[in-house]
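Chemist: Next comes run-v8.csv, CSV, C-alpha atoms and all ligand atoms:
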```
chain,number,residue,atom,x,y,z
A,140,MET,CA,97.2,79.5,111.1
A,141,GLU,CA,97.1,82.9,112.6
A,142,TYR,CA,94.0,84.4,114.0
A,143,GLU,CA,92.7,87.7,115.5
A,144,ILE,CA,89.6,88.3,117.5
A,145,LEU,CA,87.7,91.2,115.9
A,146,GLY,CA,87.2,93.9,118.6
A,147,LYS,CA,85.0,92.8,121.5
A,148,SER,CA,83.3,90.0,119.5
A,149,ASP,CA,83.9,86.3,119.4
A,150,LEU,CA,84.7,86.4,115.7
A,151,ASN,CA,88.1,84.7,115.5
A,152,VAL,CA,89.2,85.5,112.0
A,153,THR,CA,92.4,84.5,110.2
A,154,LYS,CA,94.8,87.4,109.9
A,155,ILE,CA,94.2,87.2,106.1
A,156,GLY,CA,90.7,87.1,104.8
A,157,LEU,CA,89.5,87.1,101.2
A,158,GLY,CA,88.2,90.3,99.6
A,159,ALA,CA,85.3,89.6,97.2
A,160,TRP,CA,84.9,93.0,95.4
A,161,GLN,CA,86.4,91.6,92.3
A,162,PHE,CA,83.7,89.0,91.8
A,163,GLY,CA,81.2,90.4,89.2
A,164,THR,CA,82.9,93.8,89.0
A,165,GLU,CA,83.4,95.0,85.4
A,166,TRP,CA,85.7,97.8,86.5
A,167,TRP,CA,88.1,95.1,87.6
A,168,GLY,CA,87.9,93.4,84.2
A,169,TRP,CA,85.2,90.8,85.2
A,170,GLY,CA,84.1,88.9,82.2
A,171,LYS,CA,87.2,90.0,80.2
A,172,ASP,CA,90.3,89.2,82.2
A,173,PHE,CA,88.7,86.7,84.6
A,174,GLY,CA,85.4,85.1,85.3
A,175,GLU,CA,83.3,82.8,87.4
A,176,LYS,CA,85.6,79.8,87.2
A,177,ASP,CA,88.5,81.8,88.4
A,178,ALA,CA,86.5,83.3,91.2
A,179,ILE,CA,85.3,79.9,92.4
A,180,GLU,CA,88.9,78.6,92.3
A,181,ALA,CA,90.1,81.6,94.3
A,182,ILE,CA,87.4,81.0,96.9
A,183,GLU,CA,88.1,77.2,97.1
A,184,VAL,CA,91.9,77.6,97.4
A,185,SER,CA,91.5,80.3,100.1
A,186,LEU,CA,89.4,77.9,102.2
A,187,GLU,CA,91.8,75.0,101.5
A,188,LYS,CA,94.6,77.2,102.8
A,189,GLY,CA,92.6,77.8,106.1
A,190,ILE,CA,91.2,81.3,105.5
A,191,ASN,CA,88.0,81.4,107.4
A,192,TRP,CA,86.3,84.6,106.3
A,193,ILE,CA,85.2,86.5,103.3
A,194,ASP,CA,84.5,90.2,102.9
A,195,THR,CA,81.8,91.2,100.4
A,196,ALA,CA,79.1,94.0,100.0
A,197,GLU,CA,75.7,94.5,98.6
A,198,VAL,CA,77.2,96.8,95.9
A,199,TYR,CA,80.0,94.4,94.7
A,200,GLY,CA,79.0,93.4,91.2
A,201,ASN,CA,75.5,94.8,92.0
A,202,GLY,CA,74.9,91.8,94.3
A,203,PHE,CA,76.7,89.2,92.2
A,204,SER,CA,79.5,88.8,94.6
A,205,GLU,CA,77.1,87.9,97.5
A,206,GLU,CA,75.2,85.6,95.1
A,207,LEU,CA,78.3,83.8,94.1
A,208,LEU,CA,79.3,83.2,97.7
A,209,GLY,CA,75.7,82.0,98.4
A,210,LYS,CA,76.0,79.5,95.6
A,211,VAL,CA,79.6,78.3,96.3
A,212,LEU,CA,79.7,78.0,100.1
A,213,GLY,CA,76.7,75.8,100.7
A,214,LYS,CA,77.0,73.8,103.9
A,215,ARG,CA,80.4,75.2,104.6
A,216,ARG,CA,78.9,78.6,105.4
A,217,LYS,CA,78.3,77.7,109.1
A,218,ASN,CA,82.0,77.2,109.6
A,219,LEU,CA,82.9,80.5,108.0
A,220,ILE,CA,82.7,84.1,108.9
A,221,ILE,CA,80.8,86.3,106.4
A,222,ALA,CA,81.4,90.0,106.5
A,223,THR,CA,79.2,92.1,104.2
A,224,LYS,CA,78.1,95.7,104.0
A,225,VAL,CA,75.1,97.9,103.7
A,226,ALA,CA,75.8,100.7,101.2
A,227,GLY,CA,76.2,104.3,102.4
A,228,THR,CA,73.2,105.2,100.3
A,229,HIS,CA,71.0,102.8,102.3
A,230,ALA,CA,71.6,104.6,105.6
A,231,ARG,CA,67.9,105.3,106.4
A,232,TYR,CA,66.3,102.9,108.9
A,233,ASP,CA,64.0,101.1,106.5
A,234,ASP,CA,66.6,100.9,103.8
A,235,VAL,CA,69.1,99.2,106.2
A,236,ILE,CA,66.5,96.6,107.1
A,237,LYS,CA,65.6,96.0,103.4
A,238,ALA,CA,69.3,95.9,102.4
A,239,CYS,CA,70.0,93.2,105.0
A,240,GLU,CA,67.1,91.1,103.7
A,241,GLY,CA,68.6,91.3,100.2
A,242,SER,CA,72.0,90.3,101.4
A,243,LEU,CA,70.7,87.4,103.4
A,244,LYS,CA,68.8,86.1,100.4
A,245,ARG,CA,71.7,86.4,98.0
A,246,LEU,CA,74.1,84.8,100.5
A,247,LYS,CA,71.6,82.0,101.1
A,248,THR,CA,72.0,82.4,104.9
A,249,ASP,CA,69.9,83.5,107.8
A,250,TYR,CA,72.5,85.5,109.6
A,251,ILE,CA,75.5,87.8,108.8
A,252,ASP,CA,78.5,87.6,111.1
A,253,LEU,CA,79.7,91.1,110.5
A,254,TYR,CA,77.5,93.7,109.0
A,255,GLN,CA,79.4,96.9,108.1
A,256,PHE,CA,78.1,100.3,107.2
A,257,HIS,CA,80.1,100.8,103.9
A,258,TRP,CA,80.7,104.5,104.0
A,259,PRO,CA,79.3,107.5,106.0
A,260,ASN,CA,76.3,109.3,104.7
A,261,SER,CA,76.3,113.0,105.5
A,262,TYR,CA,72.5,113.4,104.9
A,263,VAL,CA,71.4,110.8,107.4
A,264,PRO,CA,72.2,111.0,111.1
A,265,VAL,CA,74.5,108.1,112.0
A,266,GLU,CA,72.2,107.3,114.9
A,267,GLU,CA,69.4,106.3,112.5
A,268,THR,CA,71.6,103.8,110.7
A,269,MET,CA,73.0,102.4,114.0
A,270,THR,CA,69.5,102.0,115.4
A,271,ALA,CA,68.6,99.9,112.4
A,272,LEU,CA,71.8,97.8,112.7
A,273,GLU,CA,71.1,97.2,116.4
A,274,LYS,CA,67.6,96.1,115.6
A,275,LEU,CA,69.1,93.5,113.1
A,276,VAL,CA,71.3,92.3,116.0
A,277,GLU,CA,68.3,92.0,118.3
A,278,ASP,CA,66.5,90.0,115.6
A,279,GLY,CA,69.4,87.6,115.2
A,280,LYS,CA,70.0,88.5,111.6
A,281,VAL,CA,73.3,90.2,112.3
A,282,ARG,CA,75.9,89.0,114.9
A,283,TYR,CA,78.1,92.1,115.0
A,284,ILE,CA,78.2,95.6,113.7
A,285,GLY,CA,81.2,97.1,111.8
A,286,LEU,CA,82.0,100.4,110.1
A,287,SER,CA,83.9,101.2,107.0
A,288,ASN,CA,85.7,104.4,105.9
A,289,PHE,CA,84.8,106.1,109.2
A,290,PRO,CA,86.9,109.0,110.6
A,291,VAL,CA,87.3,109.2,114.4
A,292,PRO,CA,84.5,111.8,115.2
A,293,LEU,CA,82.0,109.7,113.3
A,294,ILE,CA,83.2,106.5,115.0
A,295,LYS,CA,82.5,108.2,118.3
A,296,GLU,CA,79.0,109.2,117.2
A,297,ALA,CA,78.3,105.7,116.0
A,298,GLN,CA,79.5,104.2,119.3
A,299,LYS,CA,77.3,106.6,121.3
A,300,SER,CA,74.2,105.7,119.2
A,301,LEU,CA,74.4,102.0,120.1
A,302,LYS,CA,72.6,101.0,123.3
A,303,ASN,CA,73.2,97.2,123.7
A,304,THR,CA,75.9,96.5,121.2
A,305,PHE,CA,79.3,97.9,120.1
A,306,ILE,CA,81.4,98.6,117.1
A,307,VAL,CA,83.6,95.7,116.3
A,308,SER,CA,85.7,96.9,113.4
A,309,ASN,CA,86.4,99.8,111.0
A,310,GLN,CA,87.4,98.7,107.5
A,311,VAL,CA,89.7,101.3,105.9
A,312,ARG,CA,92.3,101.6,103.1
A,313,TYR,CA,95.7,100.6,104.6
A,314,ASN,CA,98.9,99.5,102.9
A,315,LEU,CA,102.6,100.4,102.6
A,316,ILE,CA,101.7,103.3,100.2
A,317,SER,CA,98.6,104.6,102.0
A,318,ARG,CA,99.3,105.1,105.6
A,319,ASP,CA,97.0,108.1,106.5
A,320,ILE,CA,95.0,106.0,109.0
A,321,GLU,CA,98.1,105.8,111.2
A,322,LYS,CA,97.6,109.4,112.3
A,323,LYS,CA,94.3,109.2,114.0
A,324,ILE,CA,92.1,106.3,113.0
A,325,LEU,CA,94.5,103.4,113.9
A,326,PRO,CA,95.5,104.8,117.4
A,327,TYR,CA,91.8,105.5,118.2
A,328,CYS,CA,90.7,102.0,117.1
A,329,MET,CA,93.5,100.3,119.0
A,330,GLU,CA,92.6,102.2,122.2
A,331,GLN,CA,88.9,101.3,121.8
A,332,ASN,CA,89.5,97.7,120.9
A,333,ILE,CA,88.0,98.2,117.4
A,334,SER,CA,89.8,96.0,114.9
A,335,VAL,CA,91.1,97.7,111.8
A,336,ILE,CA,90.3,95.7,108.6
A,337,ALA,CA,92.8,96.8,106.0
A,338,TYR,CA,91.4,97.0,102.5
A,339,SER,CA,93.4,97.4,99.3
A,340,PRO,CA,96.3,95.9,101.3
A,341,ILE,CA,98.4,95.4,98.2
A,342,ALA,CA,97.5,98.8,96.9
A,343,GLN,CA,95.3,97.3,94.2
A,344,GLY,CA,98.1,95.1,92.8
A,345,LEU,CA,100.9,97.7,92.9
A,346,LEU,CA,102.7,96.1,95.8
A,347,ALA,CA,102.7,92.7,94.0
A,348,GLY,CA,105.6,94.1,91.9
A,349,LYS,CA,104.3,93.2,88.4
A,350,PHE,CA,103.7,96.7,87.0
A,351,SER,CA,106.2,98.9,85.2
A,352,HIS,CA,106.2,101.9,82.9
A,353,ASP,CA,105.5,99.4,80.0
A,354,ASN,CA,103.0,97.4,81.9
A,355,LYS,CA,100.2,99.3,83.5
A,356,PRO,CA,96.7,98.0,84.2
A,357,SER,CA,94.2,98.9,81.5
A,358,ASP,CA,91.0,98.2,83.5
A,359,ASP,CA,88.6,101.1,84.2
A,360,LEU,CA,89.4,101.1,87.9
A,361,ARG,CA,93.1,101.7,87.6
A,362,LYS,CA,93.9,103.2,84.2
A,363,ASP,CA,93.2,106.8,85.4
A,364,HIS,CA,94.0,106.2,89.1
A,365,PRO,CA,96.5,108.8,90.5
A,366,LEU,CA,98.8,106.1,91.9
A,367,PHE,CA,99.4,104.9,88.4
A,368,LYS,CA,100.3,108.5,87.2
A,369,GLU,CA,103.2,110.8,87.8
A,370,PRO,CA,104.6,112.1,90.1
A,371,ASN,CA,103.4,109.0,92.0
A,372,PHE,CA,104.0,106.0,89.7
A,373,THR,CA,107.8,106.3,89.4
A,374,GLN,CA,108.3,106.7,93.2
A,375,ILE,CA,106.1,103.7,93.8
A,376,LEU,CA,108.0,101.6,91.3
A,377,ASN,CA,111.2,102.5,93.1
A,378,PHE,CA,109.7,101.6,96.5
A,379,VAL,CA,108.5,98.3,95.0
A,380,GLU,CA,112.1,97.5,94.0
A,381,VAL,CA,113.1,97.7,97.6
A,382,LEU,CA,110.1,95.5,98.6
A,383,LYS,CA,111.1,93.0,95.9
A,384,LYS,CA,114.7,92.8,97.2
A,385,PHE,CA,113.4,91.9,100.7
A,386,ALA,CA,110.9,89.4,99.3
A,387,GLN,CA,113.7,87.7,97.3
A,388,SER,CA,116.0,87.5,100.3
A,389,LEU,CA,113.1,85.8,102.3
A,390,GLY,CA,112.0,83.5,99.5
A,391,LYS,CA,108.6,85.2,99.6
A,392,THR,CA,106.6,87.3,97.0
A,393,PRO,CA,106.4,91.1,97.3
A,394,ALA,CA,102.6,90.7,97.9
A,395,GLN,CA,103.3,88.4,100.8
A,396,VAL,CA,105.8,90.8,102.4
A,397,ALA,CA,103.4,93.8,101.9
A,398,LEU,CA,100.6,91.8,103.6
A,399,ARG,CA,102.9,90.5,106.3
A,400,TRP,CA,104.0,94.1,107.2
A,401,LEU,CA,100.3,94.9,107.8
A,402,ILE,CA,99.3,91.8,109.8
A,403,GLU,CA,102.3,92.0,112.1
A,404,LYS,CA,100.6,95.0,113.6
A,405,ASN,CA,98.4,94.1,116.6
A,406,GLY,CA,94.7,94.2,115.8
A,407,VAL,CA,95.1,94.7,112.1
A,408,VAL,CA,93.7,92.1,109.7
A,409,ALA,CA,93.8,92.3,105.9
A,410,ILE,CA,91.5,91.3,103.1
A,411,PRO,CA,93.3,91.1,99.8
A,412,GLY,CA,91.2,90.7,96.7
A,413,ALA,CA,92.1,87.9,94.3
A,414,LYS,CA,91.1,87.3,90.7
A,415,ASN,CA,92.3,83.7,90.5
A,416,LYS,CA,93.6,80.7,92.3
A,417,LYS,CA,97.3,81.7,92.0
A,418,GLN,CA,96.8,85.1,93.6
A,419,ALA,CA,94.6,83.8,96.4
A,420,GLU,CA,97.1,81.1,97.2
A,421,ASP,CA,99.9,83.6,97.2
A,422,ASN,CA,98.1,85.9,99.5
A,423,ALA,CA,97.2,83.2,102.0
A,424,GLY,CA,101.0,82.5,102.2
A,425,ALA,CA,101.4,85.8,104.0
A,426,MET,CA,100.5,83.9,107.2
A,427,GLY,CA,102.6,81.5,109.2
A,428,TRP,CA,106.0,83.3,109.3
A,429,LYS,CA,107.5,86.4,110.7
A,430,LEU,CA,109.2,89.5,109.3
A,431,ASP,CA,112.5,90.5,110.9
A,432,GLU,CA,112.3,93.7,113.0
A,433,ASN,CA,115.0,95.3,110.8
A,434,ILE,CA,113.0,94.7,107.6
A,435,ILE,CA,109.9,96.1,109.2
A,436,LYS,CA,111.8,99.3,110.2
A,437,LYS,CA,113.4,99.7,106.7
A,438,LEU,CA,110.0,99.2,105.0
A,439,ASP,CA,108.5,101.8,107.4
A,440,GLN,CA,111.2,104.3,106.6
A,441,GLU,CA,111.2,103.8,102.8
A,442,SER,CA,107.4,104.0,102.6
A,443,LYS,CA,107.3,107.1,104.8
A,444,ASN,CA,109.6,108.8,102.2
A,445,LEU,CA,107.0,108.4,99.5
A,446,LYS,CA,105.3,111.7,98.6
A,447,ILE,CA,102.0,110.7,97.1
A,448,THR,CA,99.7,113.3,95.7
A,449,TYR,CA,96.3,113.0,94.3
A,450,ILE,CA,96.9,115.9,91.8
A,451,THR,CA,98.8,114.3,89.0
A,452,ASP,CA,100.8,115.5,86.0
A,453,ASN,CA,98.5,114.1,83.3
A,501,LIG,N1,85.3,99.2,102.4
A,501,LIG,C1,85.7,99.7,101.3
A,501,LIG,O1,85.3,100.9,100.9
A,501,LIG,C2,86.5,98.9,100.4
A,501,LIG,C3,87.2,99.5,99.3
A,501,LIG,C4,88.0,98.7,98.5
A,501,LIG,C5,88.2,97.4,98.8
A,501,LIG,N2,87.5,96.8,99.8
A,501,LIG,C6,87.6,95.4,100.1
A,501,LIG,O2,89.0,95.0,100.2
A,501,LIG,C7,89.3,94.0,99.3
A,501,LIG,C8,90.7,94.2,98.8
A,501,LIG,O3,91.0,95.5,98.3
A,501,LIG,P1,91.2,95.8,96.7
A,501,LIG,O4,90.6,94.8,95.9
A,501,LIG,O5,90.8,97.2,96.5
A,501,LIG,O6,92.8,95.8,96.6
A,501,LIG,P2,94.0,94.8,96.8
A,501,LIG,O7,93.5,93.6,97.6
A,501,LIG,O8,95.1,95.6,97.3
A,501,LIG,O9,94.3,94.4,95.3
A,501,LIG,C9,93.6,93.4,94.7
A,501,LIG,C10,94.1,93.2,93.2
A,501,LIG,O10,95.5,93.0,93.2
A,501,LIG,C11,95.9,92.0,92.3
A,501,LIG,N3,96.5,90.9,93.1
A,501,LIG,C12,95.9,90.4,94.2
A,501,LIG,N4,96.7,89.4,94.8
A,501,LIG,C13,97.8,89.4,94.0
A,501,LIG,C14,99.0,88.6,94.0
A,501,LIG,N5,99.2,87.7,95.0
A,501,LIG,N6,99.9,88.8,93.0
A,501,LIG,C15,99.7,89.7,92.0
A,501,LIG,N7,98.6,90.5,92.0
A,501,LIG,C16,97.7,90.3,92.9
A,501,LIG,C17,94.7,91.6,91.6
A,501,LIG,O11,94.5,92.5,90.4
A,501,LIG,P3,95.3,92.4,89.0
A,501,LIG,O12,95.7,91.0,88.8
A,501,LIG,O13,94.4,92.9,88.0
A,501,LIG,O14,96.5,93.3,89.3
A,501,LIG,C18,93.6,92.0,92.5
A,501,LIG,O15,92.4,92.3,91.9
A,501,LIG,C19,88.2,94.1,98.2
A,501,LIG,O16,88.1,92.9,97.5
A,501,LIG,C20,87.0,94.4,99.1
A,501,LIG,O17,86.6,93.2,99.8
A,501,LIG,C21,86.7,97.6,100.6
```
In structure tokens, how does this file's structure come out?

Modeler:
Amino acid sequence: MEYEILGKSDLNVTKIGLGAWQFGTEWWGWGKDFGEKDAIEAIEVSLEKGINWIDTAEVYGNGFSEELLGKVLGKRRKNLIIATKVAGTHARYDDVIKACEGSLKRLKTDYIDLYQFHWPNSYVPVEETMTALEKLVEDGKVRYIGLSNFPVPLIKEAQKSLKNTFIVSNQVRYNLISRDIEKKILPYCMEQNISVIAYSPIAQGLLAGKFSHDNKPSDDLRKDHPLFKEPNFTQILNFVEVLKKFAQSLGKTPAQVALRWLIEKNGVVAIPGAKNKKQAEDNAGAMGWKLDENIIKKLDQESKNLKITYITDN
């Protein structure tokens, strides 16, 4: 098993965690394409494969994701690392404290290992939110504080606001198609020993290599997403063909190679979401082997050639 210590904490997480946004989220086709039995199997197989942490949030499935984890984990909770998030809309001091109580209750636990501020709130000074998060650490309800979707200037502000604790991680979108964080966020986090937690690490399924012009996802989340439209989609499919060739030559799946490319980077861990046992098992298989330097270089080059735009043709 491969581990990474998150920032300056003692949270020793497996390089791959399990993302739990899917559980209870209708946008992802919850209740239609997959349901509770699939989610429970995905959790169980992840733990069997050695994954030791799960990422959730108060907003996922309107609390259902946390509730499901509370129900399923039981006594195993103490051996696991639970990362959850307070919503950006709950940035006020009292709201942070209240949100944490809600998460603890749903998760059926009395502490959260990593409590992340889900997205910045431009109406509430970050100092107010950080003060509340630090109070939760003092009270023993939270072990470590993390951020999510934070640009460098705001990370600095958040760091400055903390008196006795520190920022352990920043959770951001990072995958072979979306590499914007490599410009400023990744170098800053590495320099500061803040771990980068890569979300959407398989670009919401695109890097798994199963989509084509005739097979696009129909769920509300992705049917109108710019990555699934032109001029992006064809370019991405061509890139995925390259990824598939490497995967085939290695006897791995495209999702595993895409995840491996991320976690080979120092300090980066990834939290792929899974809708069922098969996907969770596949994603856990990104650990325990190495990508050849040449393949990493070629994937780097090919992915840098992608010209993704968020203004699409239709
Ligand atoms: N902090 C934030 O703002 C934020 C934002 C987004 C996500 N997150 C976190 O990051 C986690 C992962 O991100 P994500 O869910 O956006 O994207 P992702 O992990 O890149 O993609 C997940 C989706 O890809 C497909 N998939 C997963 N594994 C697969 C496999 N091995 N083979 C084939 N298809 C596979 C599944 O959908 P289909 O089968 O339908 O294709 C699954 O729902 C979330 O669960 C959440 O915990 C955080």

Chemist: Using only C-alpha atoms, tabulate the residues of region 192-242 of chain A lying at most 6 Å from any atom of region 150-169 of chain A, each with its closest atom pair and that distance in Å to one decimal, by chain and increasing residue number, as a Markdown table.

Modeler:
```
| residue | atom | partner | partner_atom | distance |
| --- | --- | --- | --- | --- |
| A:Trp192 | CA | A:Gly156 | CA | 5.3 |
| A:Ile193 | CA | A:Leu157 | CA | 4.8 |
| A:Asp194 | CA | A:Gly158 | CA | 5.0 |
| A:Thr195 | CA | A:Ala159 | CA | 5.0 |
| A:Tyr199 | CA | A:Trp160 | CA | 5.1 |
| A:Gly200 | CA | A:Gly163 | CA | 4.2 |
| A:Phe203 | CA | A:Gly163 | CA | 5.5 |
| A:Ser204 | CA | A:Phe162 | CA | 5.1 |
```

Chemist: Between A:Ser148, A:Ser442, A:Gln343, A:Asn191, which has the minimum distance to Pro356 (chain A) (counting all atoms listed in the file)?

Modeler: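 Ranking A:Ser148, A:Ser442, A:Gln343, A:Asn191 by distance to Pro356 (chain A), first place goes to A:Gln343.
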
Chemist: Do you know which residues are within 7 Å of ligand LIG 501 (chain A) using all atoms listed in the file? Can you write them as an MDAnalysis selection string?

Modeler: chainID A and resid 157:161 167 194:195 257:258 287:288 310:312 338:344 347 349 356 394 410:414 417:419 421:422

Chemist: When you draw a straight line from CA of Ile220 (chain A) to CA of Asn260 (chain A), how long is it in Å?

Modeler: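 Atom-to-atom, CA of Ile220 (chain A) to CA of Asn260 (chain A), that is 26.3 Å.
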
Chemist: Any idea what the distance is between CA of Gly406 (chain A) and CA of Ser334 (chain A)?

Modeler: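 It comes out at 5.3 Å.
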
Chemist: If I take CA of Leu366 (chain A) and CA of Thr448 (chain A), how far is one from the other in Å, to one decimal?

Modeler: 8.2 Å

Chemist: Please reconstruct the missing atoms of region 256-267 of chain A (target: N, CA, C and O atoms) and return them as a compact mmCIF listing (two decimals), in the frame of the given file.

Modeler:
```txt
# COMPACT_ATOMS: atom_id res chain seq x y z
N PHE A 256 78.72 99.15 107.88
CA PHE A 256 78.10 100.30 107.20
C PHE A 256 79.24 100.83 106.25
O PHE A 256 80.27 101.32 106.71
N HIS A 257 79.01 100.70 104.94
CA HIS A 257 80.10 100.80 103.90
C HIS A 257 80.81 102.14 103.89
O HIS A 257 82.01 102.20 103.73
N TRP A 258 80.06 103.22 103.95
CA TRP A 258 80.70 104.50 104.00
C TRP A 258 79.72 105.53 104.64
O TRP A 258 78.51 105.34 104.54
N PRO A 259 80.21 106.58 105.29
CA PRO A 259 79.30 107.50 106.00
C PRO A 259 78.38 108.22 105.01
O PRO A 259 78.72 108.43 103.84
N ASN A 260 77.22 108.57 105.51
CA ASN A 260 76.30 109.30 104.70
C ASN A 260 75.98 110.64 105.44
O ASN A 260 75.43 110.64 106.53
N SER A 261 76.39 111.75 104.81
CA SER A 261 76.30 113.00 105.50
C SER A 261 74.86 113.57 105.60
O SER A 261 74.59 114.57 106.26
N TYR A 262 73.93 112.92 104.89
CA TYR A 262 72.50 113.40 104.90
C TYR A 262 71.66 112.68 105.92
O TYR A 262 70.55 113.10 106.19
N VAL A 263 72.16 111.57 106.43
CA VAL A 263 71.40 110.80 107.40
C VAL A 263 72.11 110.69 108.70
O VAL A 263 73.28 110.29 108.71
N PRO A 264 71.47 111.07 109.81
CA PRO A 264 72.20 111.00 111.10
C PRO A 264 72.64 109.54 111.33
O PRO A 264 71.88 108.60 111.12
N VAL A 265 73.88 109.41 111.79
CA VAL A 265 74.50 108.10 112.00
C VAL A 265 73.64 107.27 112.98
O VAL A 265 73.53 106.04 112.90
N GLU A 266 73.00 108.00 113.89
CA GLU A 266 72.20 107.30 114.90
C GLU A 266 71.04 106.51 114.27
O GLU A 266 70.73 105.41 114.73
N GLU A 267 70.46 107.05 113.20
CA GLU A 267 69.40 106.30 112.50
C GLU A 267 69.87 104.99 111.96
O GLU A 267 69.24 103.94 112.14
```
